[in-house]
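Structure file work-v2.cif (mmCIF, C-alpha atoms) is printed below.
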```cif
data_my_file
#
loop_
_atom_site.label_atom_id
_atom_site.label_comp_id
_atom_site.auth_asym_id
_atom_site.auth_seq_id
_atom_site.Cartn_x
_atom_site.Cartn_y
_atom_site.Cartn_z
CA MET A 208 -13.95 161.67 63.38
CA GLU A 209 -10.38 162.53 64.29
CA ALA A 210 -9.20 159.22 62.90
CA ALA A 211 -10.93 160.00 59.61
CA LYS A 212 -9.11 163.31 59.26
CA GLU A 213 -5.83 161.60 59.96
CA SER A 214 -6.37 158.83 57.45
CA ALA A 215 -7.16 161.36 54.73
CA VAL A 216 -3.52 162.40 54.80
CA GLY A 217 -2.06 158.91 55.01
CA ALA A 218 -0.85 156.40 57.56
CA SER A 219 -0.26 157.56 61.14
CA ALA A 220 2.88 156.74 63.13
CA GLU A 221 0.78 154.15 64.97
CA ASP A 222 -0.25 152.58 61.63
CA LEU A 223 3.34 152.35 60.46
CA GLN A 224 4.34 150.68 63.73
CA ALA A 225 1.52 148.16 63.35
CA ILE A 226 2.60 147.44 59.77
CA GLU A 227 6.19 146.87 60.87
CA ALA A 228 5.00 144.52 63.62
CA LEU A 229 2.80 142.57 61.17
CA ARG A 230 5.70 142.23 58.74
CA ALA A 231 7.72 140.83 61.63
CA GLY A 232 4.92 138.33 62.35
CA ASP A 233 3.67 139.83 65.64
CA GLU A 234 0.53 137.84 66.45
CA ALA A 235 -0.61 140.13 69.30
CA VAL A 236 -0.74 143.11 66.92
CA PHE A 237 -2.68 141.03 64.40
CA SER A 238 -5.28 139.86 66.92
CA GLY A 239 -5.54 143.45 68.23
CA LEU A 240 -6.48 144.62 64.73
CA VAL A 241 -8.96 141.79 64.31
CA ASP A 242 -10.58 142.72 67.63
CA ARG A 243 -10.80 146.34 66.62
CA TYR A 244 -12.08 146.01 63.05
CA GLY A 245 -13.39 142.44 62.74
CA GLY A 246 -17.00 143.26 63.65
CA ALA A 247 -17.21 146.27 61.32
CA LEU A 248 -15.71 144.29 58.45
CA LEU A 249 -18.17 141.47 58.99
CA ARG A 250 -21.15 143.83 58.88
CA LEU A 251 -19.84 145.51 55.77
CA ALA A 252 -19.33 142.12 54.11
CA GLN A 253 -22.90 141.17 55.04
CA SER A 254 -24.22 144.09 52.99
CA TYR A 255 -22.70 142.46 49.88
CA VAL A 256 -23.29 138.76 50.31
CA ARG A 257 -26.33 136.79 51.28
CA ASP A 258 -25.46 134.83 54.39
CA ARG A 259 -23.23 135.10 57.41
CA PRO A 260 -20.94 132.14 56.67
CA THR A 261 -20.16 133.67 53.25
CA ALA A 262 -19.54 137.04 54.89
CA GLU A 263 -17.16 135.39 57.36
CA GLU A 264 -15.26 133.82 54.47
CA VAL A 265 -15.02 137.22 52.79
CA VAL A 266 -13.63 138.75 55.99
CA GLN A 267 -11.05 135.99 56.24
CA GLU A 268 -10.05 136.56 52.60
CA ALA A 269 -9.64 140.27 53.33
CA TRP A 270 -7.27 139.64 56.27
CA ILE A 271 -5.25 137.22 54.20
CA GLY A 272 -5.20 139.79 51.40
CA LEU A 273 -3.88 142.36 53.85
CA LEU A 274 -1.10 140.03 55.01
CA GLN A 275 -0.16 139.06 51.48
CA GLY A 276 0.06 142.71 50.46
CA ILE A 277 1.76 143.93 53.64
CA HIS A 278 5.17 144.28 52.00
CA ARG A 279 3.70 146.57 49.34
CA PHE A 280 1.95 148.92 51.79
CA GLU A 281 3.41 152.40 51.32
CA GLY A 282 1.39 154.34 53.86
CA ARG A 283 -0.39 156.59 51.37
CA SER A 284 -3.67 155.83 53.15
CA SER A 285 -4.35 154.84 56.74
CA LEU A 286 -4.16 151.17 57.65
CA LYS A 287 -7.90 151.26 58.32
CA THR A 288 -8.76 152.71 54.88
CA TRP A 289 -6.54 150.17 53.20
CA LEU A 290 -8.09 147.28 55.15
CA PHE A 291 -11.65 148.37 54.37
CA ARG A 292 -10.78 148.81 50.70
CA ILE A 293 -9.45 145.26 50.55
CA LEU A 294 -12.65 144.04 52.20
CA VAL A 295 -14.82 145.87 49.65
CA ASN A 296 -12.83 144.35 46.79
CA CYS A 297 -13.11 140.83 48.21
CA ALA A 298 -16.84 141.25 48.94
CA ARG A 299 -17.54 142.57 45.46
CA ALA A 300 -15.64 139.77 43.79
CA ARG A 301 -17.58 137.29 45.89
CA ALA A 302 -20.94 138.93 45.16
CA ARG A 303 -20.16 138.86 41.42
CA LYS A 304 -19.18 135.21 41.61
CA ASP A 305 -22.40 134.36 43.44
CA SER A 306 -24.56 136.64 41.32
CA ARG A 307 -26.20 133.72 39.56
CA SER A 308 -28.10 133.08 42.77
CA VAL A 309 -28.22 136.63 44.20
CA PRO A 310 -29.21 139.56 41.99
CA PHE A 311 -26.21 141.84 41.96
CA SER A 312 -27.01 145.52 41.57
CA SER A 313 -24.12 147.91 41.33
CA LEU A 314 -23.80 151.01 43.46
CA PHE A 315 -24.32 153.09 40.38
CA ASP A 316 -27.68 151.44 39.69
CA GLU A 317 -28.90 152.12 43.18
CA ALA A 318 -27.91 155.79 43.17
CA SER A 319 -29.48 156.41 39.77
CA GLU A 320 -32.83 154.93 40.69
CA PRO A 321 -35.36 157.54 41.79
CA GLY A 322 -35.51 157.66 45.58
CA GLU A 323 -38.46 158.22 47.84
CA PRO A 324 -38.84 161.68 49.39
CA ALA A 325 -36.81 162.34 52.55
CA VAL A 326 -39.99 163.36 54.38
CA ASP A 327 -43.58 162.18 53.86
CA PRO A 328 -45.13 164.73 51.40
CA GLU A 329 -48.24 164.87 53.58
CA ARG A 330 -46.28 166.81 56.15
CA PHE A 331 -46.13 169.80 53.79
CA LEU A 332 -48.94 172.11 52.65
CA GLU A 333 -50.38 171.04 49.29
CA ALA A 334 -50.01 172.76 45.96
CA GLY A 335 -52.57 175.55 45.65
CA HIS A 336 -52.18 176.53 49.28
CA ARG A 337 -50.86 180.05 49.81
CA GLN A 338 -47.78 178.59 51.52
CA ALA A 339 -47.51 175.42 49.42
CA GLY A 340 -44.42 173.37 50.26
CA HIS A 341 -44.18 174.69 53.81
CA TRP A 342 -44.48 172.46 56.85
CA SER A 343 -48.00 171.56 57.93
CA THR A 344 -46.66 169.11 60.54
CA PRO A 345 -43.26 170.53 61.49
CA PRO A 346 -40.53 168.35 63.03
CA ALA A 347 -40.14 168.05 66.80
CA LYS A 348 -37.38 169.73 68.78
CA TRP A 349 -35.07 166.85 69.48
CA HIS A 350 -32.75 168.78 71.77
CA GLU A 351 -35.63 168.75 74.26
CA ASP A 352 -35.99 164.97 74.04
CA PRO A 353 -34.72 163.18 77.18
CA GLU A 354 -34.48 159.85 75.33
CA LEU A 355 -31.95 161.26 72.87
CA ALA A 356 -29.95 162.95 75.60
CA ALA A 357 -29.68 159.66 77.52
CA LEU A 358 -29.38 157.50 74.39
CA SER A 359 -30.53 154.12 75.71
CA ALA A 360 -29.28 150.79 74.40
CA GLU A 361 -32.79 150.31 73.00
CA THR A 362 -32.60 153.44 70.85
CA LEU A 363 -29.15 152.48 69.60
CA ALA A 364 -30.36 148.97 68.74
CA PHE A 365 -33.25 150.55 66.89
CA VAL A 366 -30.94 152.76 64.82
CA LYS A 367 -28.73 149.77 64.07
CA ALA A 368 -31.76 147.83 62.84
CA ALA A 369 -32.86 150.77 60.68
CA ILE A 370 -29.42 150.79 59.03
CA ASP A 371 -29.57 147.03 58.48
CA ASP A 372 -32.88 147.49 56.64
CA LEU A 373 -31.35 149.86 54.07
CA PRO A 374 -30.51 148.66 50.55
CA GLY A 375 -26.87 147.50 50.24
CA ALA A 376 -25.23 150.62 48.81
CA GLN A 377 -26.97 153.04 51.19
CA ARG A 378 -26.02 150.80 54.08
CA GLN A 379 -22.39 150.71 52.97
CA VAL A 380 -22.15 154.47 52.59
CA ILE A 381 -23.78 155.36 55.93
CA ALA A 382 -21.77 152.70 57.78
CA LEU A 383 -18.49 153.95 56.34
CA ARG A 384 -19.26 157.66 56.72
CA ASP A 385 -21.25 157.95 59.92
CA VAL A 386 -20.35 154.81 61.89
CA GLN A 387 -16.70 154.38 60.88
CA GLY A 388 -16.00 158.07 60.33
CA PHE A 389 -14.33 157.85 56.92
CA THR A 390 -14.30 161.03 54.80
CA SER A 391 -16.37 161.32 51.61
CA ALA A 392 -13.16 161.14 49.53
CA GLU A 393 -12.15 157.90 51.24
CA VAL A 394 -15.58 156.37 50.75
CA CYS A 395 -15.70 157.32 47.05
CA ASN A 396 -12.30 155.78 46.57
CA MET A 397 -13.13 152.63 48.56
CA LEU A 398 -16.44 151.99 46.80
CA GLY A 399 -15.37 153.32 43.40
CA ILE A 400 -18.30 155.78 43.14
CA SER A 401 -18.55 159.44 42.21
CA ASP A 402 -18.88 162.20 44.76
CA THR A 403 -22.43 162.87 43.60
CA ASN A 404 -23.53 159.25 43.90
CA GLN A 405 -21.96 159.01 47.32
CA ARG A 406 -23.96 162.03 48.42
CA VAL A 407 -27.22 160.71 46.96
CA LEU A 408 -26.77 157.40 48.78
CA LEU A 409 -25.80 159.12 52.04
CA HIS A 410 -28.81 161.44 51.78
CA ARG A 411 -31.26 158.58 51.31
CA ALA A 412 -29.68 156.57 54.09
CA ARG A 413 -29.60 159.41 56.63
CA SER A 414 -33.12 160.51 55.74
CA LYS A 415 -34.47 157.01 56.36
CA VAL A 416 -32.60 156.63 59.62
CA ARG A 417 -33.93 160.02 60.77
CA ARG A 418 -37.46 158.94 59.88
CA ALA A 419 -37.05 155.67 61.77
CA LEU A 420 -35.70 157.51 64.79
CA GLU A 421 -38.65 159.91 64.65
CA GLN A 422 -41.12 157.02 64.65
CA GLN A 423 -39.32 155.44 67.58
CA LEU A 424 -39.32 158.68 69.59
CA ASP A 425 -43.01 159.28 68.83
CA ARG A 426 -43.82 155.81 70.15
CA GLY A 427 -41.78 156.25 73.30
CA MET B 189 -34.11 188.08 43.52
CA PRO B 190 -33.74 184.33 43.12
CA GLU B 191 -36.76 182.14 43.76
CA PRO B 192 -37.06 181.23 47.48
CA ILE B 193 -36.74 177.56 48.43
CA SER B 194 -39.68 175.71 50.01
CA CYS B 195 -39.42 173.51 53.12
CA ALA B 196 -40.12 170.43 50.97
CA GLU B 197 -37.04 171.35 48.90
CA ILE B 198 -34.90 172.14 51.96
CA VAL B 199 -35.27 168.60 53.33
CA GLU B 200 -33.83 167.24 50.06
CA LEU B 201 -30.89 169.67 50.12
CA VAL B 202 -29.86 169.04 53.71
CA THR B 203 -27.12 166.51 52.94
CA GLU B 204 -25.62 168.66 50.19
CA TYR B 205 -25.65 171.55 52.65
CA LEU B 206 -23.94 169.54 55.39
CA GLU B 207 -21.41 168.16 52.89
CA GLY B 208 -20.54 171.67 51.72
CA ALA B 209 -21.64 170.72 48.21
CA LEU B 210 -24.11 173.55 47.52
CA VAL B 211 -22.93 176.28 45.15
CA PRO B 212 -22.57 179.63 47.00
CA ASP B 213 -25.90 181.03 45.69
CA ASP B 214 -27.84 177.97 46.81
CA ARG B 215 -26.04 177.95 50.12
CA THR B 216 -27.12 181.55 50.72
CA ARG B 217 -30.74 180.77 49.78
CA PHE B 218 -30.65 177.72 52.05
CA GLU B 219 -29.35 179.73 54.99
CA GLU B 220 -31.79 182.59 54.38
CA HIS B 221 -34.65 180.10 54.46
CA LEU B 222 -33.43 178.73 57.80
CA LEU B 223 -33.31 182.20 59.32
CA ASN B 224 -37.05 182.54 58.82
CA CYS B 225 -38.17 178.95 59.29
CA GLU B 226 -38.27 177.25 62.66
CA GLY B 227 -39.46 173.94 61.18
CA CYS B 228 -36.45 173.64 58.87
CA THR B 229 -34.06 174.76 61.60
CA ASP B 230 -35.44 171.94 63.76
CA TYR B 231 -35.20 169.53 60.81
CA LEU B 232 -31.52 170.36 60.28
CA ALA B 233 -30.95 169.84 64.01
CA GLN B 234 -32.69 166.43 63.72
CA MET B 235 -30.38 165.44 60.87
CA ARG B 236 -27.32 166.46 62.89
CA GLU B 237 -28.69 164.48 65.82
CA THR B 238 -29.27 161.45 63.58
CA ILE B 239 -25.63 161.63 62.47
CA ARG B 240 -24.47 161.94 66.09
CA VAL B 241 -26.54 158.94 67.22
CA THR B 242 -25.33 156.84 64.25
CA GLY B 243 -21.78 157.73 65.26
CA GLN B 244 -22.37 156.17 68.69
CA LEU B 245 -22.93 152.70 67.24
CA THR B 246 -20.24 150.19 67.99
CA GLU B 247 -19.55 146.86 66.36
CA GLU B 248 -19.40 143.73 68.45
CA ALA B 249 -16.09 141.92 68.25
CA ILE B 250 -16.07 138.74 66.17
CA GLY B 251 -16.63 135.41 67.92
CA PRO B 252 -13.86 133.19 69.35
CA SER B 253 -14.07 130.59 66.57
CA ALA B 254 -13.70 133.24 63.85
CA MET B 255 -10.75 134.70 65.76
CA GLU B 256 -9.17 131.24 66.03
CA ALA B 257 -9.56 130.70 62.28
CA LEU B 258 -7.89 134.04 61.57
CA LEU B 259 -5.01 133.38 63.94
CA SER B 260 -4.46 130.04 62.27
CA ALA B 261 -4.42 131.78 58.87
CA PHE B 262 -1.93 134.27 60.32
CA ARG B 263 0.40 131.46 61.50
CA THR B 264 0.22 129.80 58.09
CA TRP B 265 1.08 133.10 56.42
CA LYS B 266 3.98 133.68 58.84
CA LYS B 267 5.61 130.32 58.02
CA ARG B 268 6.01 131.23 54.37
#
```

Could you render the structure as structure tokens?
Amino acid sequence: MEAAKESAVGASAEDLQAIEALRAGDEAVFSGLVDRYGGALLRLAQSYVRDRPTAEEVVQEAWIGLLQGIHRFEGRSSLKTWLFRILVNCARARARKDSRSVPFSSLFDEASEPGEPAVDPERFLEAGHRQAGHWSTPPAKWHEDPELAALSAETLAFVKAAIDDLPGAQRQVIALRDVQGFTSAEVCNMLGISDTNQRVLLHRARSKVRRALEQQLDRG
Amino acid sequence: MPEPISCAEIVELVTEYLEGALVPDDRTRFEEHLLNCEGCTDYLAQMRETIRVTGQLTEEAIGPSAMEALLSAFRTWKKR
């Protein structure tokens, strides 16, 4: 989260050093960046394109794009924000190019479609009841849940799978906001969506992940 | 007095609340509801917990062959 706050105001001293080193052709700095962000970029690319080999090509294009633009980098955003924005642009271009085989729905389309309720309507008292709209099956107290306190690898894998099941745009927004820690302004800018659409997508994504986590905890 | 918000409405406003996107009147109604509703207080805590758990996810590093391909692209770029 700290990194996100920093990047909102521009490149850090560390970023500027890394940029200088890349301009000078420092391979160790390059491979360090690939180690740090490569996995996240690959997953983000996979939410745009159909298969892993294509996603890997997109990631490679993004790194090359970064290198080719390195002399133009002015430090107005963090290195990380800039890198992720390049990835999104490459992935989008690729998805458009391949859209004859894969239906390409824009972020705007997904946010403007009606969403399902955040919580199963059956958990609230029905219309006509004196307290209609109030909980009939209220949520559990998660702070008392030992599984969440310990946070096993199994629970984390489950949450990861729940995110992977989300439609593309919701997956992109939750991954950028809650996994990578970007701010809403950065995500809107990166994905080219309005504040409102970003919030709608984030709401749907978080609500579904919460529901999945609830099912998992009920089972355990 | 503005109309009170129901629990079914609260669960749809939670993200706007956490994002600081509710107008002051709605924010006040939201918070007043929470004061009197244990279920919604627990729901908000669940959402915060969901965000915390999501924040613990890490990405695996890319494989050695992908790294090799990138380093080779880097060397090609450097020669220019």

Determine the residue membership of the PyMOL selection byres ((chain B) within 7 of (chain A)) for the file above and supply it as a PyMOL selection string.
chain B and resi 194-196+199-200+203+227+230-231+234-235+238-239+242-243+245+247-250+258+266

Go ahead and compute the interatomic distance for CA of Phe291 in chain A and CA of Val241 in chain B, in Å to one decimal.
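Separation of CA of Phe291 in chain A and CA of Val241 in chain B: 22.3 Å.
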
Test item: residues at most 10 Å from Tyr205 in chain B, only C-alpha atoms, excluding those fewer than 5 positions along its chain, as a PDB file with C-alpha atoms, in the frame of the given file:
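As written to disk, out21.pdb reads:
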```pdb
ATOM      1  CA  ILE B 198     -34.900 172.140  51.960  1.00  0.00           C
ATOM      2  CA  GLU B 200     -33.830 167.240  50.060  1.00  0.00           C
ATOM      3  CA  LEU B 210     -24.110 173.550  47.520  1.00  0.00           C
ATOM      4  CA  VAL B 211     -22.930 176.280  45.150  1.00  0.00           C
ATOM      5  CA  ASP B 214     -27.840 177.970  46.810  1.00  0.00           C
ATOM      6  CA  ARG B 215     -26.040 177.950  50.120  1.00  0.00           C
ATOM      7  CA  PHE B 218     -30.650 177.720  52.050  1.00  0.00           C
ATOM      8  CA  GLU B 219     -29.350 179.730  54.990  1.00  0.00           C
ATOM      9  CA  LEU B 232     -31.520 170.360  60.280  1.00  0.00           C
TER      10      LEU B 232
END
```

Report as an mmCIF file with C-alpha atoms, keeping the file's coordinate frame all protein, DNA and RNA residues lying within 12 Å of Trp289 in chain A, evaluated on all atoms listed in the file, omitting residues in the same chain fewer than 4 positions from it.
```cif
data_model
loop_
_atom_site.group_PDB
_atom_site.id
_atom_site.type_symbol
_atom_site.label_atom_id
_atom_site.label_comp_id
_atom_site.auth_asym_id
_atom_site.auth_seq_id
_atom_site.Cartn_x
_atom_site.Cartn_y
_atom_site.Cartn_z
ATOM 1 C CA SER A 214 -6.370 158.830 57.450
ATOM 2 C CA ALA A 215 -7.160 161.360 54.730
ATOM 3 C CA GLY A 217 -2.060 158.910 55.010
ATOM 4 C CA ALA A 218 -0.850 156.400 57.560
ATOM 5 C CA ASP A 222 -0.250 152.580 61.630
ATOM 6 C CA ILE A 226 2.600 147.440 59.770
ATOM 7 C CA ALA A 269 -9.640 140.270 53.330
ATOM 8 C CA TRP A 270 -7.270 139.640 56.270
ATOM 9 C CA GLY A 272 -5.200 139.790 51.400
ATOM 10 C CA LEU A 273 -3.880 142.360 53.850
ATOM 11 C CA LEU A 274 -1.100 140.030 55.010
ATOM 12 C CA GLY A 276 0.060 142.710 50.460
ATOM 13 C CA ILE A 277 1.760 143.930 53.640
ATOM 14 C CA ARG A 279 3.700 146.570 49.340
ATOM 15 C CA PHE A 280 1.950 148.920 51.790
ATOM 16 C CA GLU A 281 3.410 152.400 51.320
ATOM 17 C CA GLY A 282 1.390 154.340 53.860
ATOM 18 C CA ARG A 283 -0.390 156.590 51.370
ATOM 19 C CA SER A 284 -3.670 155.830 53.150
ATOM 20 C CA SER A 285 -4.350 154.840 56.740
ATOM 21 C CA ILE A 293 -9.450 145.260 50.550
ATOM 22 C CA LEU A 294 -12.650 144.040 52.200
ATOM 23 C CA VAL A 295 -14.820 145.870 49.650
ATOM 24 C CA ASN A 296 -12.830 144.350 46.790
ATOM 25 C CA PHE A 389 -14.330 157.850 56.920
ATOM 26 C CA GLU A 393 -12.150 157.900 51.240
ATOM 27 C CA VAL A 394 -15.580 156.370 50.750
ATOM 28 C CA ASN A 396 -12.300 155.780 46.570
ATOM 29 C CA MET A 397 -13.130 152.630 48.560
ATOM 30 C CA LEU A 398 -16.440 151.990 46.800
#
```

Determine, counting only C-alpha atoms, every residue of protein, DNA or RNA that lies within 10 Å of (-23.6, 144.1, 54.3) in the file coordinates, then give the result as a list in words.
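So the residues meeting the distance criterion are Ala247, Leu248, Leu249, Arg250, Leu251, Ala252, Gln253, Ser254, Tyr255, Val256, Arg257, Asp258, Arg259, Ala262, Ala298, Asp371, Leu373, Pro374, Gly375, Ala376, Arg378, Gln379 and Ala382 of chain A.
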
CA of Val380 in chain A sits from CA of Gln423 in chain A at a separation of 22.8 Å

One-decimal distance in Å that lies between CA of Glu320 in chain A and CA of Val202 in chain B
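So the two atoms, CA of Val202 in chain B and CA of Glu320 in chain A, lie 19.4 Å apart.
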
Selection near Ile193 in chain B, 7 Å with all atoms listed in the file, sequence-local residues under 3 positions removed, as a ChimeraX atom specification
/B:197-198,217,221

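Compared by their closest atoms to Leu286 in chain A, and using only C-alpha atoms, the residues A:Asn404, A:Leu223, A:Asp352, A:Arg426 rank with A:Leu223 nearest.
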
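Here the question is which of B:Pro252, B:Pro192, B:Leu259, B:Thr246 gets nearest to Thr216 in chain B using all atoms listed in the file, and that residue is B:Pro192.
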
Which of these, A:Glu221, A:Glu317, A:Glu227, A:Glu329, has the shortest distance to Lys287 in chain A once you count only C-alpha atoms?
A:Glu221

Can I get range 203-231 of chain B with N, CA and C atoms filled in, as an mmCIF file, keeping the file's coordinate frame?
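Just written: out_27.cif:
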```cif
data_model
loop_
_atom_site.group_PDB
_atom_site.id
_atom_site.type_symbol
_atom_site.label_atom_id
_atom_site.label_comp_id
_atom_site.auth_asym_id
_atom_site.auth_seq_id
_atom_site.Cartn_x
_atom_site.Cartn_y
_atom_site.Cartn_z
ATOM 1 N N THR B 203 -28.408 167.220 52.983
ATOM 2 C CA THR B 203 -27.120 166.510 52.940
ATOM 3 C C THR B 203 -26.095 167.293 52.122
ATOM 4 N N GLU B 204 -26.542 167.844 50.990
ATOM 5 C CA GLU B 204 -25.620 168.660 50.190
ATOM 6 C C GLU B 204 -25.137 169.867 50.997
ATOM 7 N N TYR B 205 -26.040 170.427 51.808
ATOM 8 C CA TYR B 205 -25.650 171.550 52.650
ATOM 9 C C TYR B 205 -24.590 171.109 53.668
ATOM 10 N N LEU B 206 -24.872 170.017 54.363
ATOM 11 C CA LEU B 206 -23.940 169.540 55.390
ATOM 12 C C LEU B 206 -22.606 169.088 54.801
ATOM 13 N N GLU B 207 -22.639 168.621 53.550
ATOM 14 C CA GLU B 207 -21.410 168.160 52.890
ATOM 15 C C GLU B 207 -20.640 169.314 52.257
ATOM 16 N N GLY B 208 -21.206 170.519 52.342
ATOM 17 C CA GLY B 208 -20.540 171.670 51.720
ATOM 18 C C GLY B 208 -20.563 171.592 50.199
ATOM 19 N N ALA B 209 -21.610 170.944 49.653
ATOM 20 C CA ALA B 209 -21.640 170.720 48.210
ATOM 21 C C ALA B 209 -22.572 171.687 47.467
ATOM 22 N N LEU B 210 -23.229 172.593 48.200
ATOM 23 C CA LEU B 210 -24.110 173.550 47.520
ATOM 24 C C LEU B 210 -23.262 174.681 46.922
ATOM 25 N N VAL B 211 -23.634 175.124 45.729
ATOM 26 C CA VAL B 211 -22.930 176.280 45.150
ATOM 27 C C VAL B 211 -23.267 177.498 46.024
ATOM 28 N N PRO B 212 -22.384 178.506 46.069
ATOM 29 C CA PRO B 212 -22.570 179.630 47.000
ATOM 30 C C PRO B 212 -23.966 180.255 46.962
ATOM 31 N N ASP B 213 -24.556 180.444 45.768
ATOM 32 C CA ASP B 213 -25.900 181.030 45.690
ATOM 33 C C ASP B 213 -26.941 180.188 46.410
ATOM 34 N N ASP B 214 -26.876 178.875 46.183
ATOM 35 C CA ASP B 214 -27.840 177.970 46.810
ATOM 36 C C ASP B 214 -27.620 177.904 48.315
ATOM 37 N N ARG B 215 -26.366 177.974 48.703
ATOM 38 C CA ARG B 215 -26.040 177.950 50.120
ATOM 39 C C ARG B 215 -26.657 179.179 50.814
ATOM 40 N N THR B 216 -26.547 180.321 50.163
ATOM 41 C CA THR B 216 -27.120 181.550 50.720
ATOM 42 C C THR B 216 -28.644 181.438 50.812
ATOM 43 N N ARG B 217 -29.271 180.925 49.752
ATOM 44 C CA ARG B 217 -30.740 180.770 49.780
ATOM 45 C C ARG B 217 -31.156 179.801 50.885
ATOM 46 N N PHE B 218 -30.371 178.727 51.020
ATOM 47 C CA PHE B 218 -30.650 177.720 52.050
ATOM 48 C C PHE B 218 -30.601 178.382 53.434
ATOM 49 N N GLU B 219 -29.530 179.125 53.670
ATOM 50 C CA GLU B 219 -29.350 179.730 54.990
ATOM 51 C C GLU B 219 -30.381 180.835 55.263
ATOM 52 N N GLU B 220 -30.756 181.556 54.206
ATOM 53 C CA GLU B 220 -31.790 182.590 54.380
ATOM 54 C C GLU B 220 -33.131 181.958 54.758
ATOM 55 N N HIS B 221 -33.415 180.814 54.125
ATOM 56 C CA HIS B 221 -34.650 180.100 54.460
ATOM 57 C C HIS B 221 -34.645 179.716 55.945
ATOM 58 N N LEU B 222 -33.519 179.173 56.403
ATOM 59 C CA LEU B 222 -33.430 178.730 57.800
ATOM 60 C C LEU B 222 -33.665 179.864 58.785
ATOM 61 N N LEU B 223 -33.164 181.056 58.433
ATOM 62 C CA LEU B 223 -33.310 182.200 59.320
ATOM 63 C C LEU B 223 -34.769 182.491 59.646
ATOM 64 N N ASN B 224 -35.635 182.207 58.650
ATOM 65 C CA ASN B 224 -37.050 182.540 58.820
ATOM 66 C C ASN B 224 -37.933 181.329 59.056
ATOM 67 N N CYS B 225 -37.334 180.148 59.208
ATOM 68 C CA CYS B 225 -38.170 178.950 59.290
ATOM 69 C C CYS B 225 -37.740 178.059 60.449
ATOM 70 N N GLU B 226 -38.568 178.045 61.480
ATOM 71 C CA GLU B 226 -38.270 177.250 62.660
ATOM 72 C C GLU B 226 -38.316 175.755 62.344
ATOM 73 N N GLY B 227 -39.306 175.355 61.516
ATOM 74 C CA GLY B 227 -39.460 173.940 61.180
ATOM 75 C C GLY B 227 -38.196 173.389 60.519
ATOM 76 N N CYS B 228 -37.640 174.115 59.578
ATOM 77 C CA CYS B 228 -36.450 173.640 58.870
ATOM 78 C C CYS B 228 -35.202 173.701 59.753
ATOM 79 N N THR B 229 -35.170 174.696 60.642
ATOM 80 C CA THR B 229 -34.060 174.760 61.600
ATOM 81 C C THR B 229 -34.087 173.512 62.492
ATOM 82 N N ASP B 230 -35.300 173.146 62.924
ATOM 83 C CA ASP B 230 -35.440 171.940 63.760
ATOM 84 C C ASP B 230 -35.122 170.683 62.938
ATOM 85 N N TYR B 231 -35.486 170.702 61.657
ATOM 86 C CA TYR B 231 -35.200 169.530 60.810
ATOM 87 C C TYR B 231 -33.691 169.343 60.651
#
```
